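Contents: one structure, followed by commentary.
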Amino acid sequence: EAMSAMDRMLKSNVMRFIADLAPQGLLVITVSHTLRELALSCEQIICISENKIKSIHLPSALIEQVHSQPAMGFDTIDPLFSVLDVTPNHGESEVGYHLSEPDLLSFWLGKYLLYSSSYSVFADSAARLRVDASQVVISIHKPIQSSMLNHLPVCVQSITRLSQSKVLLHLSITDI
């Protein structure tokens, strides 16, 4: 777990550097107990216990499993998050105003342009964004006066009660 003692900014820079190696044809193996890191940087997650491979998952599938029950050494995810596979935007920003965060990049999810600073870029046409549940607002109407950069039409697929004060919404994007 080479990145366990790094601060968030340094860890993010190292993860992006490692992700840049994949398009060059290099196989990179990362050991971590932190699913938030693995979900952004890995194509597959191999769960090992007692020196044996127990399971192999796509990041999104493992996140889904861990949301509902602890799995293979990963604690239940708190804070909750999800990942989206997107395409980097190589064009000009379409926001219409200056973005104050230098780490904020734009990405395409179908026809929607999204902005994020929690991402990993794998190649010119492949990237992954982390969407923290605390950054999601659900509304039956499109926000008109809001500071939120990203707006996506979604459908609530299911609601799972996690505790007395917390529920997990399973959302699907409806129009990409």
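Just so we're on the same page: first chain in the structure tokens is A, next is B, and so on; residues restart at 1 for each chain, and ligands are numbered from 1 in the order they show up.
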
Item to complete: Find the residues near range 128-143 of chain A: any atom within 8 Å, counting only C-alpha atoms, skip ones fewer than 4 places away on the same chain, and give them as a ChimeraX atom specification.
Response: /A:39-41,79-86,116,118-122,151

Item to complete: Using DSSP on the backbone, list every residue of range 1-170 of chain A that comes out as strand (DSSP E or B), and give them as a ChimeraX atom specification.
Response: /A:45-49,52-57,71,74,81-88,105-109,112-116,119-123,126-132,154-161,167-170

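Taking CA of Ser117 in chain A and CA of Leu104 in chain A as the two end points, the separation is 4.5 Å.
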
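Distance check against Leu171 in chain A using only C-alpha atoms: of A:Thr87, A:Gln65, A:Gln44, A:Gln157, the minimum falls on A:Gln157.
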
Discussion item. What's around Ile46 in chain A at 7 Å? Count only C-alpha atoms, leave out sequence neighbours fewer than 4 positions away in its own chain, and write the answer as a ChimeraX atom specification.
Written reply: /A:53,55-57

Worksheet item: So, counting only C-alpha atoms, which residue among A:Val14, A:Leu109, A:Ala19, A:Leu152 is closest to Ala2 in chain A?
Response: A:Val14

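If you measure from each of A:His67, A:Lys52, A:His33, A:Ile144 to His170 in chain A using only C-alpha atoms, the closest one turns out to be A:His67.
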
Worksheet, complete the sentence: One decimal place gives the CA of Leu10 in chain A-CA of Cys47 in chain A separation as 25.5 Å

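CA of Ile159 in chain A to CA of Ala127 in chain A spans 28.0 Å [interatomic distance, one decimal].
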
Practice prompt. Name the residues of range 31-168 of chain A that come out as helix (DSSP H, G or I) in a backbone DSSP run; write them as number ranges by chain.
Written response: A: 35-41, 59-68, 133-135
